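*Asks:* Next comes target-v9.cif, mmCIF, C-alpha atoms:
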```
data_final
loop_
_atom_site.group_PDB
_atom_site.id
_atom_site.type_symbol
_atom_site.label_atom_id
_atom_site.label_comp_id
_atom_site.auth_asym_id
_atom_site.auth_seq_id
_atom_site.Cartn_x
_atom_site.Cartn_y
_atom_site.Cartn_z
ATOM 1 C CA MET A 1 6.929 -50.035 52.286
ATOM 2 C CA ASP A 2 4.092 -50.032 49.742
ATOM 3 C CA ALA A 3 2.473 -46.880 51.148
ATOM 4 C CA LYS A 4 5.511 -44.786 50.268
ATOM 5 C CA THR A 5 4.821 -42.809 47.093
ATOM 6 C CA LYS A 6 7.171 -39.844 47.584
ATOM 7 C CA LEU A 7 10.841 -40.660 47.946
ATOM 8 C CA CYS A 8 14.070 -38.868 48.647
ATOM 9 C CA TYR A 9 17.233 -40.742 47.728
ATOM 10 C CA ARG A 10 20.762 -40.119 48.991
ATOM 11 C CA GLY A 11 23.644 -42.111 47.575
ATOM 12 C CA SER A 12 27.114 -42.678 48.994
ATOM 13 C CA LEU A 13 28.575 -39.668 47.125
ATOM 14 C CA LYS A 14 30.246 -37.344 49.621
ATOM 15 C CA SER A 15 32.275 -35.002 47.470
ATOM 16 C CA CYS A 16 31.659 -31.624 45.879
ATOM 17 C CA ASN A 17 33.333 -29.485 43.235
ATOM 18 C CA TYR A 18 32.809 -26.420 45.452
ATOM 19 C CA SER A 19 34.977 -25.648 48.471
ATOM 20 C CA CYS A 20 32.657 -23.796 50.839
ATOM 21 C CA SER A 21 34.432 -23.320 54.167
ATOM 22 C CA TYR A 22 31.528 -24.637 56.258
ATOM 23 C CA CYS A 23 30.975 -27.833 54.257
ATOM 24 C CA PRO A 24 32.881 -31.076 55.003
ATOM 25 C CA PHE A 25 32.145 -32.561 51.571
ATOM 26 C CA SER A 26 34.254 -29.969 49.788
ATOM 27 C CA LYS A 27 37.299 -31.458 51.503
ATOM 28 C CA LYS A 28 36.761 -35.041 50.351
ATOM 29 C CA LYS A 29 38.003 -36.373 47.023
ATOM 30 C CA THR A 30 36.026 -39.273 45.600
ATOM 31 C CA THR A 31 37.973 -42.124 44.021
ATOM 32 C CA VAL A 32 37.002 -43.819 40.761
ATOM 33 C CA LYS A 33 36.065 -46.895 42.788
ATOM 34 C CA GLU A 34 33.806 -44.870 45.089
ATOM 35 C CA LEU A 35 32.070 -43.229 42.120
ATOM 36 C CA LYS A 36 31.459 -46.650 40.595
ATOM 37 C CA GLN A 37 29.968 -47.901 43.873
ATOM 38 C CA ASP A 38 27.718 -44.836 44.062
ATOM 39 C CA GLN A 39 26.613 -45.356 40.460
ATOM 40 C CA GLU A 40 25.842 -49.046 41.063
ATOM 41 C CA ALA A 41 23.789 -48.204 44.157
ATOM 42 C CA LEU A 42 21.882 -45.498 42.277
ATOM 43 C CA PHE A 43 21.041 -47.754 39.337
ATOM 44 C CA ARG A 44 19.989 -50.509 41.755
ATOM 45 C CA PHE A 45 17.546 -48.050 43.283
ATOM 46 C CA VAL A 46 16.261 -46.971 39.855
ATOM 47 C CA LYS A 47 15.803 -50.598 38.818
ATOM 48 C CA SER A 48 13.725 -51.244 41.941
ATOM 49 C CA ILE A 49 11.359 -48.440 40.909
ATOM 50 C CA GLU A 50 11.175 -49.730 37.348
ATOM 51 C CA GLU A 51 10.549 -53.358 38.268
ATOM 52 C CA ARG A 52 8.940 -53.465 41.699
ATOM 53 C CA TYR A 53 7.753 -50.229 43.250
ATOM 54 C CA HIS A 54 5.164 -49.224 40.661
ATOM 55 C CA HIS A 55 3.238 -47.082 43.172
ATOM 56 C CA VAL A 56 6.056 -44.483 43.524
ATOM 57 C CA GLN A 57 5.023 -41.107 42.093
ATOM 58 C CA ALA A 58 7.990 -38.823 42.741
ATOM 59 C CA VAL A 59 11.711 -39.070 43.514
ATOM 60 C CA GLN A 60 13.980 -36.284 44.718
ATOM 61 C CA ILE A 61 17.761 -36.849 44.846
ATOM 62 C CA VAL A 62 19.257 -35.095 47.868
ATOM 63 C CA PRO A 63 23.032 -35.749 47.793
ATOM 64 C CA TYR A 64 25.514 -34.815 50.485
ATOM 65 C CA GLY A 65 27.845 -33.390 47.844
ATOM 66 C CA GLU A 66 27.237 -32.332 44.249
ATOM 67 C CA ALA A 67 25.678 -35.077 42.123
ATOM 68 C CA LEU A 68 24.657 -33.416 38.874
ATOM 69 C CA ILE A 69 28.216 -32.904 37.656
ATOM 70 C CA HIS A 70 28.183 -36.684 37.036
ATOM 71 C CA ASP A 71 26.483 -38.019 33.897
ATOM 72 C CA TYR A 72 25.149 -41.137 35.610
ATOM 73 C CA TYR A 73 22.838 -39.074 37.802
ATOM 74 C CA TRP A 74 21.282 -37.564 34.679
ATOM 75 C CA GLU A 75 20.916 -41.041 33.207
ATOM 76 C CA ALA A 76 19.195 -42.184 36.404
ATOM 77 C CA LEU A 77 16.862 -39.182 36.409
ATOM 78 C CA ALA A 78 15.991 -39.882 32.777
ATOM 79 C CA ARG A 79 15.186 -43.522 33.498
ATOM 80 C CA LEU A 80 13.000 -42.554 36.440
ATOM 81 C CA SER A 81 11.163 -39.956 34.367
ATOM 82 C CA SER A 82 10.307 -42.586 31.758
ATOM 83 C CA VAL A 83 8.465 -44.733 34.326
ATOM 84 C CA SER A 84 4.756 -44.172 33.662
ATOM 85 C CA ASN A 85 3.666 -43.806 37.307
ATOM 86 C CA ILE A 86 6.405 -41.261 38.069
ATOM 87 C CA GLN A 87 5.005 -37.730 37.867
ATOM 88 C CA ALA A 88 8.074 -35.758 38.967
ATOM 89 C CA ILE A 89 11.792 -36.308 39.488
ATOM 90 C CA GLY A 90 14.525 -33.952 40.551
ATOM 91 C CA ALA A 91 17.670 -33.164 42.484
ATOM 92 C CA GLN A 92 19.307 -30.577 44.694
ATOM 93 C CA THR A 93 22.321 -28.990 43.007
ATOM 94 C CA ASN A 94 24.701 -26.037 43.042
ATOM 95 C CA ALA A 95 23.980 -25.616 39.291
ATOM 96 C CA SER A 96 27.643 -25.763 38.320
ATOM 97 C CA PHE A 97 27.089 -28.291 35.532
ATOM 98 C CA SER A 98 26.935 -27.578 31.799
ATOM 99 C CA VAL A 99 23.212 -27.163 31.161
ATOM 100 C CA GLU A 100 23.405 -28.007 27.451
ATOM 101 C CA ARG A 101 25.672 -31.026 27.941
ATOM 102 C CA LYS A 102 23.748 -32.564 30.838
ATOM 103 C CA LEU A 103 20.339 -32.049 29.257
ATOM 104 C CA GLU A 104 21.711 -33.788 26.178
ATOM 105 C CA VAL A 105 22.613 -36.788 28.376
ATOM 106 C CA PHE A 106 19.138 -36.636 29.920
ATOM 107 C CA ASP A 107 17.437 -36.525 26.499
ATOM 108 C CA ILE A 108 19.553 -39.308 24.985
ATOM 109 C CA SER A 109 18.731 -41.476 28.013
ATOM 110 C CA GLY A 110 15.008 -41.071 27.342
ATOM 111 C CA GLY A 111 14.246 -38.370 29.882
ATOM 112 C CA GLU A 112 10.991 -36.395 29.950
ATOM 113 C CA ARG A 113 11.844 -32.750 30.622
ATOM 114 C CA SER A 114 8.313 -31.937 31.761
ATOM 115 C CA LYS A 115 8.876 -34.112 34.837
ATOM 116 C CA LEU A 116 12.232 -32.616 35.795
ATOM 117 C CA ARG A 117 12.438 -30.377 38.891
ATOM 118 C CA LEU A 118 15.730 -28.782 39.956
ATOM 119 C CA TRP A 119 16.496 -27.189 43.323
ATOM 120 C CA LEU A 120 19.322 -24.683 42.748
ATOM 121 C CA SER A 121 21.446 -23.360 45.611
ATOM 122 C CA PHE A 122 23.356 -20.122 45.122
ATOM 123 C CA HIS A 123 26.783 -20.068 46.821
ATOM 124 C CA PRO A 124 28.086 -16.474 46.710
ATOM 125 C CA SER A 125 31.613 -17.487 47.757
ATOM 126 C CA MET A 126 31.933 -19.983 44.907
ATOM 127 C CA THR A 127 30.312 -18.416 41.862
ATOM 128 C CA SER A 128 29.422 -14.997 40.557
ATOM 129 C CA LEU A 129 25.902 -13.682 40.342
ATOM 130 C CA GLU A 130 26.309 -13.360 36.587
ATOM 131 C CA LYS A 131 27.338 -17.004 36.111
ATOM 132 C CA PHE A 132 24.541 -18.292 38.293
ATOM 133 C CA LEU A 133 21.931 -16.198 36.515
ATOM 134 C CA LYS A 134 23.218 -17.479 33.175
ATOM 135 C CA GLN A 135 22.561 -21.034 34.367
ATOM 136 C CA CYS A 136 19.030 -20.047 35.340
ATOM 137 C CA GLU A 137 18.524 -18.424 31.951
ATOM 138 C CA LEU A 138 19.615 -21.611 30.163
ATOM 139 C CA LEU A 139 17.242 -23.729 32.248
ATOM 140 C CA GLU A 140 14.452 -21.254 31.531
ATOM 141 C CA LYS A 141 15.071 -21.461 27.795
ATOM 142 C CA SER A 142 15.124 -25.266 28.065
ATOM 143 C CA HIS A 143 11.701 -25.242 29.770
ATOM 144 C CA ILE A 144 12.984 -26.864 32.977
ATOM 145 C CA SER A 145 11.102 -26.239 36.222
ATOM 146 C CA TYR A 146 13.405 -25.070 38.997
ATOM 147 C CA CYS A 147 13.593 -23.079 42.198
ATOM 148 C CA VAL A 148 16.474 -20.969 43.453
ATOM 149 C CA GLY A 149 17.671 -20.208 46.941
ATOM 150 C CA ALA A 150 20.428 -19.321 49.349
ATOM 151 C CA VAL A 151 21.295 -19.402 53.021
ATOM 152 C CA GLY A 152 20.008 -16.292 54.759
ATOM 153 C CA MET A 153 23.263 -14.676 55.873
ATOM 154 C CA MET A 154 22.888 -10.939 56.329
ATOM 155 C CA GLU A 155 26.325 -10.264 54.843
ATOM 156 C CA ASN A 156 25.038 -11.756 51.580
ATOM 157 C CA LEU A 157 21.764 -9.815 51.584
ATOM 158 C CA PRO A 158 22.734 -7.354 48.796
ATOM 159 C CA LEU A 159 23.680 -10.222 46.452
ATOM 160 C CA ILE A 160 20.556 -12.167 47.395
ATOM 161 C CA GLN A 161 18.416 -9.117 46.664
ATOM 162 C CA GLN A 162 20.128 -8.653 43.295
ATOM 163 C CA LEU A 163 19.536 -12.289 42.436
ATOM 164 C CA ARG A 164 15.856 -11.999 43.278
ATOM 165 C CA SER A 165 15.452 -8.840 41.228
ATOM 166 C CA GLN A 166 17.103 -10.366 38.149
ATOM 167 C CA LEU A 167 15.333 -13.735 38.195
ATOM 168 C CA PRO A 168 12.107 -14.136 36.219
ATOM 169 C CA GLU A 169 9.237 -12.994 38.434
ATOM 170 C CA HIS A 170 7.543 -16.411 38.397
ATOM 171 C CA ILE A 171 10.620 -18.241 39.739
ATOM 172 C CA TYR A 172 10.357 -18.938 43.452
ATOM 173 C CA MET A 173 13.396 -17.963 45.508
ATOM 174 C CA TRP A 174 13.689 -19.563 48.940
ATOM 175 C CA ILE A 175 15.832 -18.557 51.884
ATOM 176 C CA ASN A 176 17.154 -21.087 54.392
ATOM 177 C CA LYS A 177 17.944 -19.985 57.896
ATOM 178 C CA PRO A 178 21.584 -20.620 58.889
ATOM 179 C CA ASP A 179 22.415 -24.102 60.142
ATOM 180 C CA ILE A 180 20.809 -24.271 63.586
ATOM 181 C CA SER A 181 23.550 -26.622 64.804
ATOM 182 C CA LYS A 182 25.662 -23.479 65.129
ATOM 183 C CA TYR A 183 23.197 -22.079 67.624
ATOM 184 C CA ASN A 184 21.197 -23.342 70.549
ATOM 185 C CA THR A 185 17.741 -24.778 69.897
ATOM 186 C CA SER A 186 16.037 -21.510 70.827
ATOM 187 C CA TYR A 187 17.780 -19.604 68.016
ATOM 188 C CA LYS A 188 15.462 -17.279 66.122
ATOM 189 C CA PRO A 189 16.248 -14.829 63.323
ATOM 190 C CA THR A 190 16.122 -11.176 64.333
ATOM 191 C CA MET A 191 13.187 -9.035 63.211
ATOM 192 C CA GLU A 192 15.558 -7.263 60.825
ATOM 193 C CA GLU A 193 16.464 -10.600 59.211
ATOM 194 C CA VAL A 194 12.865 -11.730 58.978
ATOM 195 C CA GLU A 195 11.713 -8.482 57.376
ATOM 196 C CA ALA A 196 14.615 -8.470 54.893
ATOM 197 C CA PHE A 197 14.272 -12.075 53.820
ATOM 198 C CA LEU A 198 10.480 -12.024 53.646
ATOM 199 C CA LYS A 199 10.844 -9.522 50.806
ATOM 200 C CA VAL A 200 12.812 -12.186 48.943
ATOM 201 C CA ASP A 201 10.988 -15.305 50.101
ATOM 202 C CA PRO A 202 7.304 -14.877 51.035
ATOM 203 C CA TYR A 203 7.453 -18.268 52.806
ATOM 204 C CA TYR A 204 10.489 -17.407 54.922
ATOM 205 C CA THR A 205 8.570 -17.550 58.195
ATOM 206 C CA LEU A 206 8.148 -21.299 57.593
ATOM 207 C CA GLU A 207 11.896 -21.502 58.214
ATOM 208 C CA CYS A 208 11.497 -19.623 61.487
ATOM 209 C CA ARG A 209 8.910 -21.982 62.959
ATOM 210 C CA HIS A 210 9.632 -24.815 65.358
ATOM 211 C CA TYR A 211 7.545 -27.758 64.151
ATOM 212 C CA PRO A 212 7.203 -30.572 66.708
ATOM 213 C CA ALA A 213 7.937 -33.875 64.964
ATOM 214 C CA ARG A 214 4.746 -35.765 64.056
ATOM 215 C CA GLU A 215 5.114 -39.096 62.307
ATOM 216 C CA GLU A 216 1.553 -39.146 60.962
ATOM 217 C CA PHE A 217 2.592 -36.649 58.271
ATOM 218 C CA CYS A 218 5.219 -39.092 56.969
ATOM 219 C CA ALA A 219 2.943 -41.930 55.834
ATOM 220 C CA GLU A 220 3.493 -41.231 52.121
ATOM 221 C CA TYR A 221 7.213 -40.490 52.390
ATOM 222 C CA ALA A 222 10.447 -42.415 52.668
ATOM 223 C CA PHE A 223 14.114 -41.459 52.701
ATOM 224 C CA VAL A 224 16.234 -44.157 51.043
ATOM 225 C CA GLU A 225 20.011 -44.423 51.322
ATOM 226 C CA ALA A 226 22.546 -46.147 49.064
ATOM 227 C CA ASP A 227 22.485 -49.422 51.009
ATOM 228 C CA GLY A 228 18.674 -49.458 51.009
ATOM 229 C CA SER A 229 18.245 -48.191 54.564
ATOM 230 C CA VAL A 230 14.860 -46.496 54.911
ATOM 231 C CA LYS A 231 14.148 -43.640 57.293
ATOM 232 C CA LEU A 232 11.232 -41.257 57.692
ATOM 233 C CA CYS A 233 13.217 -38.274 56.432
ATOM 234 C CA ASN A 234 16.713 -36.910 55.920
ATOM 235 C CA ILE A 235 17.183 -35.814 59.537
ATOM 236 C CA SER A 236 15.753 -38.902 61.242
ATOM 237 C CA GLN A 237 18.332 -41.481 62.316
ATOM 238 C CA THR A 238 15.899 -44.322 62.994
ATOM 239 C CA VAL A 239 16.207 -47.075 60.376
ATOM 240 C CA LEU A 240 12.755 -48.472 59.561
ATOM 241 C CA GLY A 241 13.854 -51.300 57.328
ATOM 242 C CA ASN A 242 15.510 -51.936 53.975
ATOM 243 C CA TRP A 243 14.135 -50.848 50.601
ATOM 244 C CA TYR A 244 15.288 -54.058 48.995
ATOM 245 C CA GLN A 245 13.812 -56.408 51.577
ATOM 246 C CA ASP A 246 10.183 -57.099 52.409
ATOM 247 C CA SER A 247 9.170 -56.161 55.933
ATOM 248 C CA LYS A 248 6.167 -57.535 57.760
ATOM 249 C CA LYS A 249 6.409 -54.863 60.432
ATOM 250 C CA THR A 250 6.086 -51.727 58.331
ATOM 251 C CA ASP A 251 3.056 -50.415 60.241
ATOM 252 C CA ASP A 252 4.927 -50.559 63.534
ATOM 253 C CA MET A 253 8.087 -49.100 62.050
ATOM 254 C CA GLU A 254 6.291 -46.048 60.685
ATOM 255 C CA LYS A 255 5.570 -44.866 64.221
ATOM 256 C CA HIS A 256 9.191 -44.194 65.101
ATOM 257 C CA CYS A 257 11.024 -40.871 64.854
ATOM 258 C CA ASN A 258 13.951 -39.848 67.021
ATOM 259 C CA LYS A 259 13.656 -36.117 66.369
ATOM 260 C CA LYS A 260 11.853 -33.553 68.501
ATOM 261 C CA GLU A 261 11.486 -31.038 65.679
ATOM 262 C CA CYS A 262 11.133 -30.956 61.905
ATOM 263 C CA ASN A 263 13.862 -28.350 61.525
ATOM 264 C CA CYS A 264 14.703 -28.515 57.835
ATOM 265 C CA TYR A 265 12.561 -27.977 54.750
ATOM 266 C CA LEU A 266 12.643 -31.594 53.571
ATOM 267 C CA ALA A 267 11.231 -32.607 56.947
ATOM 268 C CA TYR A 268 8.622 -29.906 57.522
ATOM 269 C CA CYS A 269 7.459 -29.566 53.898
ATOM 270 C CA ARG A 270 5.168 -32.577 54.376
ATOM 271 C CA ARG A 271 3.236 -30.934 57.217
ATOM 272 C CA LYS A 272 -0.493 -30.803 56.650
ATOM 273 C CA ASP A 273 -1.080 -28.542 59.653
ATOM 274 C CA ASP A 274 0.315 -25.463 57.874
ATOM 275 C CA GLU A 275 -1.892 -24.259 55.018
ATOM 276 C CA ARG A 276 0.912 -22.310 53.374
ATOM 277 C CA LEU A 277 2.676 -25.539 52.451
ATOM 278 C CA GLN A 278 -0.305 -26.520 50.320
ATOM 279 C CA ASP A 279 1.001 -23.991 47.779
ATOM 280 C CA PHE A 280 3.771 -26.481 46.969
ATOM 281 C CA GLY A 281 1.285 -29.053 45.755
ATOM 282 C CA LEU A 282 1.327 -32.821 45.823
ATOM 283 C CA PHE A 283 5.137 -33.057 45.822
ATOM 284 C CA PRO A 284 6.407 -30.286 48.109
ATOM 285 C CA MET A 285 9.899 -31.748 48.462
ATOM 286 C CA PHE A 286 10.885 -30.102 45.156
ATOM 287 C CA ARG A 287 10.186 -26.688 46.739
ATOM 288 C CA ILE A 288 8.464 -25.393 43.613
ATOM 289 C CA PRO A 289 5.035 -23.756 44.056
ATOM 290 C CA VAL A 290 2.215 -25.226 41.986
ATOM 291 C CA SER A 291 1.667 -21.882 40.282
ATOM 292 C CA GLN A 292 5.226 -21.950 38.930
ATOM 293 C CA VAL A 293 4.882 -25.485 37.533
ATOM 294 C CA LEU A 294 1.634 -24.467 35.836
ATOM 295 C CA HIS A 295 3.412 -21.431 34.379
ATOM 296 C CA LYS A 296 5.841 -23.765 32.636
ATOM 297 C CA LYS A 297 3.140 -25.752 30.845
#
```
How does the structure come out when it is put into structure tokens?

*Replies:*
Amino acid sequence: MDAKTKLCYRGSLKSCNYSCSYCPFSKKKTTVKELKQDQEALFRFVKSIEERYHHVQAVQIVPYGEALIHDYYWEALARLSSVSNIQAIGAQTNASFSVERKLEVFDISGGERSKLRLWLSFHPSMTSLEKFLKQCELLEKSHISYCVGAVGMMENLPLIQQLRSQLPEHIYMWINKPDISKYNTSYKPTMEEVEAFLKVDPYYTLECRHYPAREEFCAEYAFVEADGSVKLCNISQTVLGNWYQDSKKTDDMEKHCNKKECNCYLAYCRRKDDERLQDFGLFPMFRIPVSQVLHKK
């Protein structure tokens, strides 16, 4: 696994404080025991980076549910950020946490804010535009790098347009196409959708492409789960090995992918055959253009 320098981590947490109708994790309540197990798995992963995997340069937490409402995720991010070889750490979140309180936890735990990258998802059915923008404003004042985005549903277009117009100009706002599992594999956004969402997200046509899966773009990446299972990415189901066990067959394992297409950003962002993705720099999984990170410095 030594070639893997860019990691995504997903713990066992499968609950969320939001109750979006389309999401199964909003319907699951996590027990105290389950939270403890998730915390132990997360800190085991962090310890492996601190003590063994000194080549790792970036870690993105991509939970099923909402992780950043829990202090231990901020403690873990802080510990990762204090590792000298780590250049960037971050997480996907609905931004429903207390910015001041959680950044205090991050700071007390030794976190380096300059390394923090947050991927914020706007859920119009769960929060107001005003509340969400206030969260963005607090992150901006705290000098935290972040991106903002939403699912490209036409019924939400007016709110999405308002959000874009009220965000700082330098903040990138992404648009995800609706979950393709609800459609057949030939689903494509209409021209009206493409034109509307391109005005919000200049990279929206990346979402509309069908990228054939190519394992050679995954050499630097790994997707690690709570039990240590390693896969090429978040949508691949092929287990390559275990993060906590040495493997003598890594080279052979890296050639396996059971997907025909890279049909989500975390999968296709690593493509080197699309020049537009170079705008997201060395660590594209955070979905923050290089120009925005430079703006923060």

*Asks:* Could you tell me how far CA of Glu34 (chain A) lies from CA of Glu100 (chain A), in Å and to one decimal?

*Replies:* 26.5 Å

*Asks:* Between A:Glu66, A:Glu75, A:Glu193, A:Glu220, which residue has the minimum interatomic distance to Ser121 (chain A), considering only C-alpha atoms?

*Replies:* A:Glu66

*Asks:* Any chance you could resolve the PyMOL selection byres ((chain A and resi 223-237) around 8) against this file and give the residues as a PyMOL selection string?

*Replies:* chain A and resi 7-12+38+41-42+45+215+218+221-222+238-244+254+257-259+264+266-267

*Asks:* Please expand the PyMOL selection byres ((chain A and resi 198-212) around 9) into the concrete residues it hits in this file, giving the result as a ChimeraX atom specification.

*Replies:* /A:149,160-161,164-165,172-177,188-189,193-197,213-214,259-265,268,271,274,276-277

*Asks:* May I have the selected residues written with C-alpha atoms, as a CSV table (one decimal), in the frame of the given file?

*Replies:*
```csv
chain,number,residue,atom,x,y,z
A,149,GLY,CA,17.7,-20.2,46.9
A,160,ILE,CA,20.6,-12.2,47.4
A,161,GLN,CA,18.4,-9.1,46.7
A,164,ARG,CA,15.9,-12.0,43.3
A,165,SER,CA,15.5,-8.8,41.2
A,172,TYR,CA,10.4,-18.9,43.5
A,173,MET,CA,13.4,-18.0,45.5
A,174,TRP,CA,13.7,-19.6,48.9
A,175,ILE,CA,15.8,-18.6,51.9
A,176,ASN,CA,17.2,-21.1,54.4
A,177,LYS,CA,17.9,-20.0,57.9
A,188,LYS,CA,15.5,-17.3,66.1
A,189,PRO,CA,16.2,-14.8,63.3
A,193,GLU,CA,16.5,-10.6,59.2
A,194,VAL,CA,12.9,-11.7,59.0
A,195,GLU,CA,11.7,-8.5,57.4
A,196,ALA,CA,14.6,-8.5,54.9
A,197,PHE,CA,14.3,-12.1,53.8
A,213,ALA,CA,7.9,-33.9,65.0
A,214,ARG,CA,4.7,-35.8,64.1
A,259,LYS,CA,13.7,-36.1,66.4
A,260,LYS,CA,11.9,-33.6,68.5
A,261,GLU,CA,11.5,-31.0,65.7
A,262,CYS,CA,11.1,-31.0,61.9
A,263,ASN,CA,13.9,-28.4,61.5
A,264,CYS,CA,14.7,-28.5,57.8
A,265,TYR,CA,12.6,-28.0,54.8
A,268,TYR,CA,8.6,-29.9,57.5
A,271,ARG,CA,3.2,-30.9,57.2
A,274,ASP,CA,0.3,-25.5,57.9
A,276,ARG,CA,0.9,-22.3,53.4
A,277,LEU,CA,2.7,-25.5,52.5
```

*Asks:* Which residue is closest to Phe97 (chain A)? Choose from A:Ser125, A:Tyr72, A:Asn17, A:Thr30 and count all atoms listed in the file.

*Replies:*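 The shortest atom-to-atom distance to Phe97 (chain A) comes from A:Asn17.
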
*Asks:* So what does the PyMOL selection byres ((chain A and resi 292) around 12) actually pick up in this one, as a list in words?

*Replies:*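 Taken over the shown coordinates, the PyMOL selection byres ((chain A and resi 292) around 12) returns Arg117, Glu140, His143, Ile144, Ser145, Tyr146, Cys147, Pro168, Glu169, His170, Ile171, Tyr172, Met173, Asp279, Phe280, Gly281, Phe286, Arg287, Ile288, Pro289, Val290, Ser291, Val293, Leu294, His295, Lys296 and Lys297 of chain A.
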
*Asks:* If we count all atoms listed in the file, what is near Arg113 (chain A) at a cut-off of 12 Å, once residues fewer than 4 positions away on the same chain are taken out, given as a ChimeraX atom specification?

*Replies:* /A:74,77-82,87-90,102-109,117-118,139-140,142-146,296-297

*Asks:* Taking only C-alpha atoms into account, name the residue in A:Pro178, A:Pro284, A:Pro124, A:Pro158 that is nearest to Ala58 (chain A).

*Replies:*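 Among A:Pro178, A:Pro284, A:Pro124, A:Pro158, it is A:Pro284 that comes nearest to Ala58 (chain A).
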
*Asks:* Between CA of Phe217 (chain A) and CA of Asp273 (chain A), measure the distance and give it in Å to one decimal.

*Replies:* 9.0 Å

*Asks:* For the atom pair CA of Val83 (chain A) and CA of Ile49 (chain A), what is the interatomic distance in Å to one decimal place?

*Replies:* 8.1 Å

*Asks:* So which one's closest to Arg44 (chain A), A:Val62, A:Ile86, A:Val99, A:Ala76? Using all atoms listed in the file, please.

*Replies:*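 Nearest candidate to Arg44 (chain A) out of A:Val62, A:Ile86, A:Val99, A:Ala76: A:Ala76.
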
*Asks:* Can you list, as a list in words, every protein, DNA or RNA residue that comes within 10 Å of Gln166 (chain A) when you count all atoms listed in the file, leaving out same-chain residues fewer than 6 positions away?

*Replies:*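 Selected residues are Leu129, Glu130 and Leu133 of chain A.
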
*Asks:* Measuring between all atoms listed in the file, which one of A:Gln278, A:Ser15, A:Gln92, A:Thr127 shows the shortest distance to Gln60 (chain A)?

*Replies:*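 For Gln60 (chain A), the nearest of the given residues is A:Gln92.
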
*Asks:* With distances taken over only C-alpha atoms, which residue among A:Ser96, A:Ser128, A:Ser84, A:Glu275 lies nearest Glu112 (chain A)?

*Replies:*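 Closest to Glu112 (chain A) of all the choices is A:Ser84.
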
*Asks:* Given 6 Å of margin on each side, can you work out the centre and size in Å (one decimal) of an axis-aligned box holding every listed atom of region 92-105 of chain A, as JSON?

*Replies:*
```
{"center_x": 23.5, "center_y": -31.2, "center_z": 35.4, "size_x": 20.3, "size_y": 23.2, "size_z": 30.5}
```
